[in-house]
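Peer 1: My structure file run31.txt, compact mmCIF, C-alpha atoms (C1' of nucleotides), is below:
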# COMPACT_ATOMS: atom_id res chain seq x y z
CA MET A 1 -65.64 4.89 -125.12
CA PRO A 2 -61.85 5.07 -124.69
CA ARG A 3 -61.48 2.06 -126.98
CA PRO A 4 -59.71 2.34 -130.36
CA ALA A 5 -63.01 1.48 -132.04
CA GLY A 6 -62.14 -0.96 -134.78
CA ALA A 7 -64.27 -2.17 -137.68
CA ASP A 8 -67.51 -3.87 -136.67
CA GLN A 9 -66.81 -3.43 -133.00
CA GLY A 10 -69.56 -2.70 -130.59
CA THR A 11 -71.78 -5.60 -131.49
CA THR A 12 -71.62 -7.07 -128.03
CA LYS A 13 -72.01 -3.61 -126.60
CA GLN A 14 -75.23 -3.11 -128.52
CA ARG A 15 -76.49 -6.53 -127.47
CA ILE A 16 -75.91 -5.58 -123.85
CA LEU A 17 -77.87 -2.40 -124.38
CA ASP A 18 -80.73 -4.27 -126.01
CA ILE A 19 -80.88 -6.78 -123.17
CA ALA A 20 -80.63 -4.07 -120.54
CA LEU A 21 -83.38 -2.09 -122.25
CA GLN A 22 -85.65 -5.07 -122.12
CA LEU A 23 -84.86 -5.93 -118.50
CA PHE A 24 -85.08 -2.35 -117.31
CA ILE A 25 -88.58 -2.21 -118.77
CA GLU A 26 -89.61 -5.57 -117.35
CA LYS A 27 -88.25 -5.25 -113.83
CA GLY A 28 -87.18 -1.65 -113.51
CA TYR A 29 -83.67 -0.28 -113.50
CA ASP A 30 -82.90 -0.69 -109.82
CA LYS A 31 -84.25 -4.18 -109.48
CA THR A 32 -82.28 -5.39 -112.46
CA SER A 33 -78.85 -6.67 -111.51
CA LEU A 34 -75.81 -6.91 -113.72
CA ARG A 35 -75.83 -10.60 -112.95
CA GLU A 36 -79.16 -10.92 -114.75
CA ILE A 37 -77.95 -8.94 -117.72
CA ALA A 38 -74.85 -11.07 -117.98
CA GLU A 39 -76.90 -14.22 -117.62
CA ARG A 40 -79.23 -13.35 -120.46
CA LEU A 41 -76.25 -12.22 -122.48
CA GLY A 42 -74.59 -15.60 -122.03
CA TYR A 43 -71.41 -14.02 -120.70
CA SER A 44 -70.16 -13.26 -117.24
CA LYS A 45 -70.62 -10.12 -115.22
CA ALA A 46 -67.02 -9.10 -115.82
CA ALA A 47 -67.62 -9.19 -119.55
CA VAL A 48 -70.30 -6.58 -119.14
CA TYR A 49 -67.90 -4.44 -117.17
CA TYR A 50 -65.46 -4.60 -120.03
CA HIS A 51 -67.94 -2.78 -122.22
CA PHE A 52 -69.42 -0.46 -119.63
CA ALA A 53 -67.71 1.22 -116.72
CA SER A 54 -70.73 1.00 -114.46
CA LYS A 55 -74.40 0.21 -114.32
CA ASP A 56 -75.17 3.89 -114.59
CA ASP A 57 -73.10 3.92 -117.74
CA ILE A 58 -75.50 1.44 -119.32
CA LEU A 59 -78.49 3.57 -118.47
CA GLY A 60 -76.57 6.57 -119.75
CA ALA A 61 -76.05 4.90 -123.11
CA LEU A 62 -79.75 4.16 -123.36
CA HIS A 63 -80.47 7.74 -122.41
CA LEU A 64 -78.27 8.77 -125.31
CA ARG A 65 -80.26 6.57 -127.66
CA LEU A 66 -83.41 8.28 -126.52
CA HIS A 67 -81.80 11.65 -126.82
CA ASP A 68 -80.70 10.99 -130.40
CA VAL A 69 -84.26 10.14 -131.35
CA LEU A 70 -85.51 13.49 -130.11
CA ASP A 71 -82.80 16.06 -130.51
CA GLU A 72 -83.23 16.50 -134.22
CA ALA A 73 -86.83 17.30 -133.47
CA MET A 74 -85.70 19.63 -130.73
CA THR A 75 -83.26 21.67 -132.78
CA GLY A 76 -84.95 24.79 -133.95
CA LEU A 77 -87.08 24.94 -130.85
CA SER A 78 -84.21 26.31 -128.77
CA GLN A 79 -85.07 29.96 -129.02
CA ALA A 80 -87.17 30.12 -132.15
CA GLY A 81 -90.88 30.84 -132.06
CA THR A 82 -92.43 28.21 -129.91
CA GLU A 83 -96.16 28.55 -130.07
CA GLU A 84 -96.11 28.15 -133.83
CA THR A 85 -93.48 25.44 -134.01
CA TRP A 86 -95.07 23.38 -131.27
CA PRO A 87 -97.37 21.38 -133.55
CA LYS A 88 -94.42 20.50 -135.77
CA LEU A 89 -92.48 19.43 -132.72
CA LEU A 90 -95.26 17.16 -131.55
CA ASP A 91 -95.50 15.70 -135.02
CA GLN A 92 -91.89 14.63 -134.89
CA PHE A 93 -92.29 13.40 -131.34
CA ILE A 94 -95.07 11.12 -132.49
CA ASP A 95 -92.88 9.69 -135.21
CA GLY A 96 -90.03 9.17 -132.81
CA MET A 97 -92.23 7.50 -130.23
CA ILE A 98 -93.74 5.10 -132.69
CA ALA A 99 -90.38 4.13 -134.13
CA ASN A 100 -88.75 3.71 -130.72
CA ARG A 101 -91.55 2.92 -128.38
CA ASP A 102 -89.52 0.83 -125.97
CA LEU A 103 -87.07 3.65 -125.32
CA PHE A 104 -89.93 5.88 -124.26
CA VAL A 105 -91.48 3.17 -122.13
CA LEU A 106 -88.11 2.73 -120.47
CA HIS A 107 -88.01 6.41 -119.67
CA GLU A 108 -91.57 6.54 -118.48
CA ARG A 109 -91.15 3.59 -116.15
CA ASN A 110 -87.82 4.70 -114.69
CA ARG A 111 -88.10 8.44 -114.34
CA ALA A 112 -86.51 8.47 -110.91
CA ALA A 113 -83.49 6.53 -112.14
CA PHE A 114 -83.06 8.82 -115.13
CA GLU A 115 -83.25 11.93 -113.00
CA ALA A 116 -80.74 10.54 -110.52
CA LEU A 117 -78.52 9.77 -113.47
CA HIS A 118 -78.43 13.18 -115.07
CA MET A 119 -77.78 14.68 -111.65
CA LYS A 120 -74.34 13.11 -111.83
CA ASP A 121 -73.82 13.92 -115.49
CA HIS A 122 -73.80 17.64 -114.89
CA HIS A 123 -71.10 17.83 -117.54
CA GLU A 124 -73.70 16.92 -120.12
CA GLU A 125 -72.98 18.90 -123.25
CA HIS A 126 -76.56 18.82 -124.40
CA GLU A 127 -79.19 20.29 -122.16
CA ASP A 128 -81.63 17.72 -120.97
CA ILE A 129 -84.67 17.59 -123.20
CA GLU A 130 -87.17 17.64 -120.39
CA ARG A 131 -85.50 20.73 -119.06
CA GLN A 132 -85.81 22.41 -122.44
CA LEU A 133 -89.48 21.58 -122.65
CA ARG A 134 -90.02 22.87 -119.15
CA ARG A 135 -88.31 26.10 -120.05
CA VAL A 136 -90.58 26.62 -123.01
CA LEU A 137 -93.64 25.85 -120.93
CA ALA A 138 -92.52 28.39 -118.35
CA ASP A 139 -92.02 31.12 -120.94
CA VAL A 140 -94.19 34.02 -119.81
CA GLU A 141 -94.20 35.45 -123.32
CA ILE A 142 -96.64 32.72 -124.28
CA PRO A 143 -100.22 33.01 -123.01
CA LEU A 144 -100.91 30.72 -120.09
CA GLU A 145 -103.74 28.91 -121.81
CA SER A 146 -101.48 28.06 -124.73
CA ARG A 147 -98.77 26.79 -122.43
CA VAL A 148 -101.12 24.60 -120.47
CA ARG A 149 -102.52 23.21 -123.69
CA MET A 150 -98.98 22.53 -124.86
CA ALA A 151 -98.31 20.57 -121.70
CA CYS A 152 -101.55 18.68 -122.13
CA SER A 153 -100.71 17.87 -125.73
CA LEU A 154 -97.40 16.46 -124.65
CA GLY A 155 -99.11 14.21 -122.15
CA ALA A 156 -101.75 13.26 -124.67
CA VAL A 157 -99.18 12.18 -127.21
CA THR A 158 -97.18 10.29 -124.64
CA LEU A 159 -100.02 8.28 -123.23
CA GLY A 160 -101.82 7.91 -126.54
CA ILE A 161 -98.81 6.35 -128.20
CA MET A 162 -97.61 4.51 -125.14
CA LEU A 163 -100.82 2.57 -124.88
CA ALA A 164 -100.29 1.31 -128.39
CA GLY A 165 -99.19 -2.28 -128.24
CA ASP A 166 -101.04 -2.42 -124.99
CA ALA A 167 -104.69 -1.48 -125.11
CA PHE A 168 -104.48 -0.83 -128.84
CA ASP A 169 -102.41 -3.85 -129.57
CA ASP A 170 -103.86 -4.75 -132.94
CA VAL A 171 -104.17 -1.24 -134.31
CA PRO A 172 -101.59 -0.39 -136.98
CA SER A 173 -99.33 2.29 -135.63
CA ASP A 174 -99.82 4.72 -138.49
CA GLN A 175 -103.56 4.65 -138.00
CA LEU A 176 -103.06 5.26 -134.31
CA ALA A 177 -100.68 8.09 -135.12
CA SER A 178 -103.18 9.84 -137.36
CA ILE A 179 -105.87 9.64 -134.71
CA VAL A 180 -103.51 11.08 -132.13
CA ARG A 181 -102.49 13.81 -134.54
CA ARG A 182 -106.12 14.76 -135.09
CA ALA A 183 -106.76 14.69 -131.36
CA ILE A 184 -103.93 17.00 -130.44
CA GLY A 185 -104.97 19.22 -133.32
CA ASP A 186 -108.28 19.72 -131.55
CA LEU A 187 -106.54 20.00 -128.22
CA LEU A 188 -104.30 22.82 -129.38
CA THR A 189 -107.17 24.68 -130.99
CA PRO A 190 -109.37 26.26 -128.33
CA GLY A 191 -112.90 25.24 -129.23
CA VAL A 192 -114.44 28.61 -129.89
CA PHE A 193 -116.80 26.95 -132.33
CA ARG A 194 -118.19 24.57 -129.79
CA THR A 195 -121.40 25.13 -127.92
CA MET B 19 -101.85 -4.04 -89.47
CA PRO B 20 -102.13 -6.87 -86.93
CA ARG B 21 -101.96 -4.31 -84.14
CA PRO B 22 -104.86 -3.80 -81.72
CA ALA B 23 -105.29 -0.28 -83.06
CA GLY B 24 -105.99 1.88 -80.05
CA ALA B 25 -107.30 5.39 -79.86
CA ASP B 26 -105.14 8.02 -81.59
CA GLN B 27 -102.65 5.42 -82.69
CA GLY B 28 -101.03 5.67 -86.06
CA THR B 29 -99.63 9.14 -85.69
CA THR B 30 -96.08 7.96 -86.02
CA LYS B 31 -97.22 5.64 -88.76
CA GLN B 32 -98.62 8.55 -90.71
CA ARG B 33 -95.49 10.58 -90.13
CA ILE B 34 -93.44 7.76 -91.58
CA LEU B 35 -95.69 7.68 -94.60
CA ASP B 36 -95.38 11.43 -95.09
CA ILE B 37 -91.60 11.29 -94.87
CA ALA B 38 -91.41 8.28 -97.15
CA LEU B 39 -93.67 9.99 -99.67
CA GLN B 40 -91.39 12.97 -99.76
CA LEU B 41 -88.19 10.94 -100.02
CA PHE B 42 -89.58 8.56 -102.62
CA ILE B 43 -90.39 11.57 -104.77
CA GLU B 44 -87.02 13.25 -104.20
CA LYS B 45 -84.73 10.27 -104.65
CA GLY B 46 -86.93 7.53 -105.97
CA TYR B 47 -88.20 4.49 -104.12
CA ASP B 48 -85.24 2.21 -104.70
CA LYS B 49 -82.59 4.74 -103.88
CA THR B 50 -84.26 5.67 -100.62
CA SER B 51 -83.10 3.55 -97.70
CA LEU B 52 -84.94 2.90 -94.49
CA ARG B 53 -81.95 4.43 -92.73
CA GLU B 54 -82.76 7.77 -94.39
CA ILE B 55 -86.40 7.54 -93.50
CA ALA B 56 -85.56 6.74 -89.88
CA GLU B 57 -83.02 9.56 -89.80
CA ARG B 58 -85.48 12.17 -90.98
CA LEU B 59 -88.06 10.71 -88.64
CA GLY B 60 -85.73 11.14 -85.69
CA TYR B 61 -86.10 7.53 -84.69
CA SER B 62 -84.09 4.42 -85.45
CA LYS B 63 -84.52 1.98 -88.28
CA ALA B 64 -86.05 -0.60 -85.97
CA ALA B 65 -88.75 1.84 -84.99
CA VAL B 66 -89.84 2.03 -88.59
CA TYR B 67 -89.99 -1.75 -88.72
CA TYR B 68 -92.28 -1.72 -85.75
CA HIS B 69 -94.86 0.16 -87.81
CA PHE B 70 -94.27 -1.46 -91.16
CA ALA B 71 -93.34 -5.04 -91.90
CA SER B 72 -91.17 -4.15 -94.84
CA LYS B 73 -90.15 -1.40 -97.19
CA ASP B 74 -92.65 -2.68 -99.71
CA ASP B 75 -95.28 -2.35 -97.04
CA ILE B 76 -94.61 1.37 -96.85
CA LEU B 77 -95.03 1.76 -100.57
CA GLY B 78 -98.13 -0.37 -100.34
CA ALA B 79 -99.64 1.97 -97.78
CA LEU B 80 -98.94 4.93 -100.04
CA HIS B 81 -100.47 3.02 -102.91
CA LEU B 82 -103.57 2.63 -100.78
CA ARG B 83 -103.69 6.36 -100.18
CA LEU B 84 -103.59 6.94 -103.91
CA HIS B 85 -106.19 4.31 -104.45
CA ASP B 86 -108.57 5.86 -101.96
CA VAL B 87 -108.34 9.16 -103.79
CA LEU B 88 -109.42 7.60 -107.04
CA ASP B 89 -111.71 4.72 -106.31
CA GLU B 90 -114.72 6.82 -105.50
CA ALA B 91 -114.26 8.35 -108.91
CA MET B 92 -113.88 4.90 -110.37
CA THR B 93 -117.03 3.39 -108.91
CA GLY B 94 -119.74 3.51 -111.48
CA LEU B 95 -117.25 3.11 -114.29
CA SER B 96 -116.94 -0.62 -113.66
CA GLN B 97 -119.39 -1.80 -116.26
CA ALA B 98 -121.57 1.23 -116.73
CA GLY B 99 -121.59 3.25 -119.92
CA THR B 100 -118.08 4.46 -120.46
CA GLU B 101 -118.02 6.80 -123.40
CA GLU B 102 -120.54 9.06 -121.75
CA THR B 103 -119.24 8.83 -118.22
CA TRP B 104 -115.65 9.42 -119.27
CA PRO B 105 -115.79 13.24 -119.03
CA LYS B 106 -117.21 12.97 -115.53
CA LEU B 107 -114.47 10.56 -114.60
CA LEU B 108 -111.78 12.90 -115.85
CA ASP B 109 -113.39 15.73 -113.93
CA GLN B 110 -113.04 13.84 -110.70
CA PHE B 111 -109.54 12.78 -111.61
CA ILE B 112 -108.56 16.41 -111.99
CA ASP B 113 -109.94 17.22 -108.57
CA GLY B 114 -108.15 14.28 -107.03
CA MET B 115 -104.87 15.16 -108.68
CA ILE B 116 -104.97 18.75 -107.56
CA ALA B 117 -105.81 17.84 -104.00
CA ASN B 118 -103.19 15.09 -103.78
CA ARG B 119 -100.59 16.06 -106.32
CA ASP B 120 -97.66 14.49 -104.52
CA LEU B 121 -99.27 11.07 -104.49
CA PHE B 122 -99.58 11.23 -108.26
CA VAL B 123 -96.05 12.47 -108.67
CA LEU B 124 -94.91 9.59 -106.52
CA HIS B 125 -96.68 7.17 -108.79
CA GLU B 126 -95.47 8.78 -111.97
CA ARG B 127 -91.86 8.77 -110.87
CA ASN B 128 -91.86 5.21 -109.52
CA ARG B 129 -93.97 3.26 -111.95
CA ALA B 130 -91.59 0.32 -112.01
CA ALA B 131 -91.60 0.03 -108.24
CA PHE B 132 -95.39 0.17 -108.10
CA GLU B 133 -95.77 -2.48 -110.74
CA ALA B 134 -93.27 -4.74 -109.00
CA LEU B 135 -95.25 -4.19 -105.82
CA HIS B 136 -98.66 -5.17 -107.07
CA MET B 137 -97.14 -8.24 -108.65
CA LYS B 138 -96.70 -9.58 -105.14
CA ASP B 139 -100.05 -8.32 -103.92
CA HIS B 140 -101.97 -10.62 -106.20
CA HIS B 141 -104.40 -11.04 -103.34
CA GLU B 142 -105.47 -7.45 -103.79
CA GLU B 143 -109.19 -7.24 -103.19
CA HIS B 144 -109.60 -4.20 -105.37
CA GLU B 145 -108.62 -4.45 -108.99
CA ASP B 146 -105.79 -2.14 -109.83
CA ILE B 147 -107.03 1.14 -111.21
CA GLU B 148 -104.67 1.20 -114.15
CA ARG B 149 -105.89 -2.22 -115.10
CA GLN B 150 -109.47 -1.01 -114.99
CA LEU B 151 -108.67 1.92 -117.21
CA ARG B 152 -106.84 -0.33 -119.62
CA ARG B 153 -109.82 -2.62 -119.79
CA VAL B 154 -112.12 0.24 -120.69
CA LEU B 155 -109.70 1.49 -123.32
CA ALA B 156 -109.56 -1.98 -124.84
CA ASP B 157 -113.35 -2.29 -125.04
CA VAL B 158 -114.15 -2.98 -128.68
CA GLU B 159 -117.70 -1.75 -128.20
CA ILE B 160 -116.35 1.76 -128.18
CA PRO B 161 -115.16 3.26 -131.47
CA LEU B 162 -111.40 3.28 -131.79
CA GLU B 163 -111.17 7.01 -132.28
CA SER B 164 -113.05 7.59 -129.05
CA ARG B 165 -110.84 5.20 -127.15
CA VAL B 166 -107.66 6.77 -128.41
CA ARG B 167 -108.96 10.19 -127.51
CA MET B 168 -109.84 8.89 -124.05
CA ALA B 169 -106.28 7.69 -123.61
CA CYS B 170 -104.97 11.02 -124.83
CA SER B 171 -107.22 12.89 -122.44
CA LEU B 172 -105.92 10.83 -119.58
CA GLY B 173 -102.37 11.72 -120.51
CA ALA B 174 -103.30 15.34 -121.04
CA VAL B 175 -104.82 15.64 -117.60
CA THR B 176 -101.91 13.87 -115.97
CA LEU B 177 -99.19 15.98 -117.50
CA GLY B 178 -101.23 19.18 -117.43
CA ILE B 179 -101.81 18.96 -113.72
CA MET B 180 -98.47 17.41 -112.92
CA LEU B 181 -96.61 20.37 -114.32
CA ALA B 182 -98.46 22.60 -111.93
CA GLY B 183 -96.15 23.66 -109.16
CA ASP B 184 -93.39 23.13 -111.67
CA ALA B 185 -93.65 25.11 -114.87
CA PHE B 186 -96.89 26.71 -113.71
CA ASP B 187 -95.73 27.32 -110.22
CA ASP B 188 -97.49 30.60 -109.58
CA VAL B 189 -100.75 29.74 -111.26
CA PRO B 190 -103.61 29.08 -108.84
CA SER B 191 -104.63 25.47 -109.13
CA ASP B 192 -108.29 26.14 -109.80
CA GLN B 193 -107.42 28.34 -112.74
CA LEU B 194 -105.12 25.64 -114.04
CA ALA B 195 -107.86 23.09 -113.56
CA SER B 196 -110.36 25.09 -115.56
CA ILE B 197 -107.93 25.46 -118.45
CA VAL B 198 -107.23 21.75 -118.42
CA ARG B 199 -110.94 21.03 -118.31
CA ARG B 200 -111.52 23.21 -121.35
CA ALA B 201 -108.61 21.61 -123.14
CA ILE B 202 -109.78 18.05 -122.66
CA GLY B 203 -113.23 19.18 -123.62
CA ASP B 204 -111.85 20.12 -127.01
CA LEU B 205 -109.75 16.97 -127.08
CA LEU B 206 -112.73 14.71 -126.56
CA THR B 207 -114.80 16.53 -129.16
CA PRO B 208 -113.57 15.70 -132.66
CA GLY B 209 -113.13 19.03 -134.42
CA VAL B 210 -115.51 18.64 -137.29
CA PHE B 211 -115.65 22.41 -137.53
CA ARG B 212 -111.98 22.87 -138.14
CA THR B 213 -110.48 23.30 -141.57
C1' DG C 14 -92.67 1.96 -79.00
C1' DT C 15 -88.14 2.59 -79.37
C1' DC C 16 -83.42 1.24 -78.77
C1' DT C 17 -78.65 -1.20 -79.88
C1' DA C 18 -76.70 -4.57 -81.95
C1' DT C 19 -76.24 -8.07 -85.58
C1' DA C 20 -77.58 -11.41 -88.99
C1' DT C 21 -78.07 -12.13 -93.92
C1' DT C 22 -78.06 -11.21 -98.49
C1' DT C 23 -77.08 -9.12 -102.64
C1' DC C 24 -75.08 -6.07 -105.44
C1' DG C 25 -71.71 -3.18 -107.84
C1' DA C 26 -67.10 -3.22 -108.91
C1' DT C 27 -62.09 -4.88 -109.21
C1' DA C 28 -57.93 -7.99 -109.79
C1' DG C 29 -55.61 -10.81 -112.40
C1' DA C 30 -55.30 -15.13 -115.29
C1' DC C 31 -56.15 -16.62 -119.96
C1' DG D 22 -62.77 -9.94 -124.71
C1' DT D 23 -63.96 -13.09 -121.52
C1' DC D 24 -63.16 -15.75 -117.41
C1' DT D 25 -63.02 -16.97 -112.05
C1' DA D 26 -62.74 -15.28 -107.67
C1' DT D 27 -63.29 -11.98 -104.41
C1' DC D 28 -63.62 -7.49 -102.11
C1' DG D 29 -66.16 -4.02 -99.90
C1' DA D 30 -70.21 -1.62 -99.19
C1' DA D 31 -74.83 -0.98 -98.27
C1' DA D 32 -79.28 -2.50 -97.73
C1' DT D 33 -83.25 -5.12 -95.69
C1' DA D 34 -84.65 -7.33 -91.89
C1' DT D 35 -84.39 -9.59 -87.13
C1' DA D 36 -83.31 -10.42 -82.02
C1' DG D 37 -83.69 -9.06 -77.79
C1' DA D 38 -83.07 -5.43 -74.08
C1' DC D 39 -85.49 -1.46 -72.13
How does this structure look as structure tokens?
Peer 2:
Amino acid sequence: MPRPAGADQGTTKQRILDIALQLFIEKGYDKTSLREIAERLGYSKAAVYYHFASKDDILGALHLRLHDVLDEAMTGLSQAGTEETWPKLLDQFIDGMIANRDLFVLHERNRAAFEALHMKDHHEEHEDIERQLRRVLADVEIPLESRVRMACSLGAVTLGIMLAGDAFDDVPSDQLASIVRRAIGDLLTPGVFRT
Amino acid sequence: MPRPAGADQGTTKQRILDIALQLFIEKGYDKTSLREIAERLGYSKAAVYYHFASKDDILGALHLRLHDVLDEAMTGLSQAGTEETWPKLLDQFIDGMIANRDLFVLHERNRAAFEALHMKDHHEEHEDIERQLRRVLADVEIPLESRVRMACSLGAVTLGIMLAGDAFDDVPSDQLASIVRRAIGDLLTPGVFRT
DNA sequence: GTCTATATTTCGATAGAC
DNA sequence: GTCTATCGAAATATAGAC
């Protein structure tokens, strides 16, 4: 970060992030060593340390990638009406998850590491997204049933999309997305019409 | 395990597991050292090694606890009808999650560690539960929409219950459970009545 | 069953040459 | 920007006394 930042600089930096992303998913953050990252990169360990101050710094950069995917969807949720805007929010979440599935898998598989990370980064300018969601879900202004259904919808989207490329390997992602959208539509609408 | 197993033996063993469970949730599996476990236990590190062959062994024992909670719910799902039995399965999952919430939180927050663990335990007699679920969700006999909704329901239940004691701290768990049950009921029933 | 050492390994991080 | 070499720390695990 404290580099002058020239023209097409950062290529190696991005390659490191891509490799780390892949390894952190495969083996987990803690069981991935910088030696392995450097090895797959083709450079030495010290080269990695030229681009990143620490291992945590690498995870932090990936966290930022994830954050960038979501924060445009999050803006407007801050203090605006939540129960009405929730479906829109989920819609954008679905898009973000499909376009950047590996970032979400990374987060899902290394929750402990991410939490330990943002403990240290208490100087974070942007409030952590999970914390924001939690705050909304704890808002007593919203009926409990709605809040619980919101939480469920979040989980439904997460697991529904996450299993794409896994159990639903051959299903085109837009088809999967539309099914998930329909499903959470039903989830968020209490079935007063049902028997 | 290779111990003679006397009368009320295993008390210390269980205490270790309880402490490890708590620490693994707080700090994550990898960032928890045996020194910390021993410290909180009041004994030395070597004492812990008397009861467990390795750190992985401790996680393995906790994995077994989790497994025991779920496998009675899983039996009957093996090759039996799945689309019909799915609601029943989720029902039992909800009960299991509420009764043993911390075990599920442990699993959710240390997915990478668990996966790395059951890589080594390839001699596992019981098929891993996640693998079983994945197999059902990949079953082409079941319509895609149903399978996706099953996956979503699984995620909905997980996150819905998991946020209990967190965002829904003061809500009695049975009330929470009934809301979640209603929600996944709607989720699993395609809303043909909606606009 | 629990202790005090200690062995062994590996990892994150740094120094300094190029 | 990348290298070699190394430091220092911390962790898992073991040996052997009690």
Peer 1: For CA of Asp109 (chain B) and CA of Cys152 (chain A), determine how far apart the two atoms are, in Å to one decimal place.
Peer 2: 14.7 Å
Peer 1: Quick one: residues within 12 Å of DT19 (chain C), only C-alpha atoms (C1' of nucleotides), excluding same-chain residues fewer than 4 positions away - as an MDAnalysis selection string?
Peer 2: chainID D and resid 34:37
Peer 1: Give me, as a tab-separated table (two decimals) with C-alpha atoms (C1' of nucleotides), keeping the file's coordinate frame, all polymer residues having an atom no more than 12 Å from DG29 (chain C), counting all atoms listed in the file and skipping those fewer than 6 positions away in the same chain.
Peer 2:
chain	number	residue	atom	x	y	z
D	24	DC	C1'	-63.16	-15.75	-117.41
D	25	DT	C1'	-63.02	-16.97	-112.05
D	26	DA	C1'	-62.74	-15.28	-107.67
D	27	DT	C1'	-63.29	-11.98	-104.41
Peer 1: Per residue of chain B within 12 Å of chain C, record the nearest atom pair and its distance in Å to one decimal, counting all atoms listed in the file, with rows in chain order and ascending residue number, as JSON lines.
Peer 2:
{"residue": "B:Gln27", "atom": "CA", "partner": "C:DG14", "partner_atom": "C1'", "distance": 11.2}
{"residue": "B:Gly28", "atom": "CA", "partner": "C:DG14", "partner_atom": "C1'", "distance": 11.6}
{"residue": "B:Thr30", "atom": "CA", "partner": "C:DG14", "partner_atom": "C1'", "distance": 9.8}
{"residue": "B:Lys31", "atom": "CA", "partner": "C:DG14", "partner_atom": "C1'", "distance": 11.4}
{"residue": "B:Ala56", "atom": "CA", "partner": "C:DT15", "partner_atom": "C1'", "distance": 11.6}
{"residue": "B:Gly60", "atom": "CA", "partner": "C:DT15", "partner_atom": "C1'", "distance": 10.9}
{"residue": "B:Tyr61", "atom": "CA", "partner": "C:DT15", "partner_atom": "C1'", "distance": 7.5}
{"residue": "B:Ser62", "atom": "CA", "partner": "C:DC16", "partner_atom": "C1'", "distance": 7.4}
{"residue": "B:Lys63", "atom": "CA", "partner": "C:DC16", "partner_atom": "C1'", "distance": 9.6}
{"residue": "B:Ala64", "atom": "CA", "partner": "C:DT15", "partner_atom": "C1'", "distance": 7.6}
{"residue": "B:Ala65", "atom": "CA", "partner": "C:DT15", "partner_atom": "C1'", "distance": 5.7}
{"residue": "B:Val66", "atom": "CA", "partner": "C:DT15", "partner_atom": "C1'", "distance": 9.4}
{"residue": "B:Tyr67", "atom": "CA", "partner": "C:DT15", "partner_atom": "C1'", "distance": 10.5}
{"residue": "B:Tyr68", "atom": "CA", "partner": "C:DG14", "partner_atom": "C1'", "distance": 7.7}
{"residue": "B:His69", "atom": "CA", "partner": "C:DG14", "partner_atom": "C1'", "distance": 9.3}
Peer 1: Find the residues near Val87 (chain B): any atom within 12 Å, counting all atoms listed in the file, skip ones fewer than 5 places away on the same chain, and give them as a PyMOL selection string.
Peer 2: chain B and resi 80-82+92-93+110-122+147
Peer 1: Which value, in Å to one decimal, gives the distance between CA of Asp186 (chain A) and CA of Asp204 (chain B)?
Peer 2: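 So the two atoms, CA of Asp186 (chain A) and CA of Asp204 (chain B), lie 5.8 Å apart.
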Peer 1: With only C-alpha atoms (C1' of nucleotides) as the counted atoms, please give the residues lying no more than 10 Å from Leu163 (chain A), apart from itself and same-chain residues fewer than 2 positions off, as a list in words.
Peer 2: Arg101, Val105, Thr158, Leu159, Gly160, Ile161, Gly165, Asp166, Ala167, Phe168 and Asp169 of chain A; Arg152, Leu155, Ala156, Val166, Ala169 and Cys170 of chain B
Peer 1: Return the neighbours of chain A among the residues of chain B, cut-off 8 Å, counting only C-alpha atoms, as a PyMOL selection string.
Peer 2: chain B and resi 43+45-46+48+126-131+134+152-153+155-156+163+166-167+169-178+181+185-186+194+197-198+200-202+204-209+211
Peer 1: Interatomic distance between CA of Thr32 (chain A) and CA of Leu39 (chain B)?
Peer 2: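 That distance, rounded to one decimal, is 23.0 Å.
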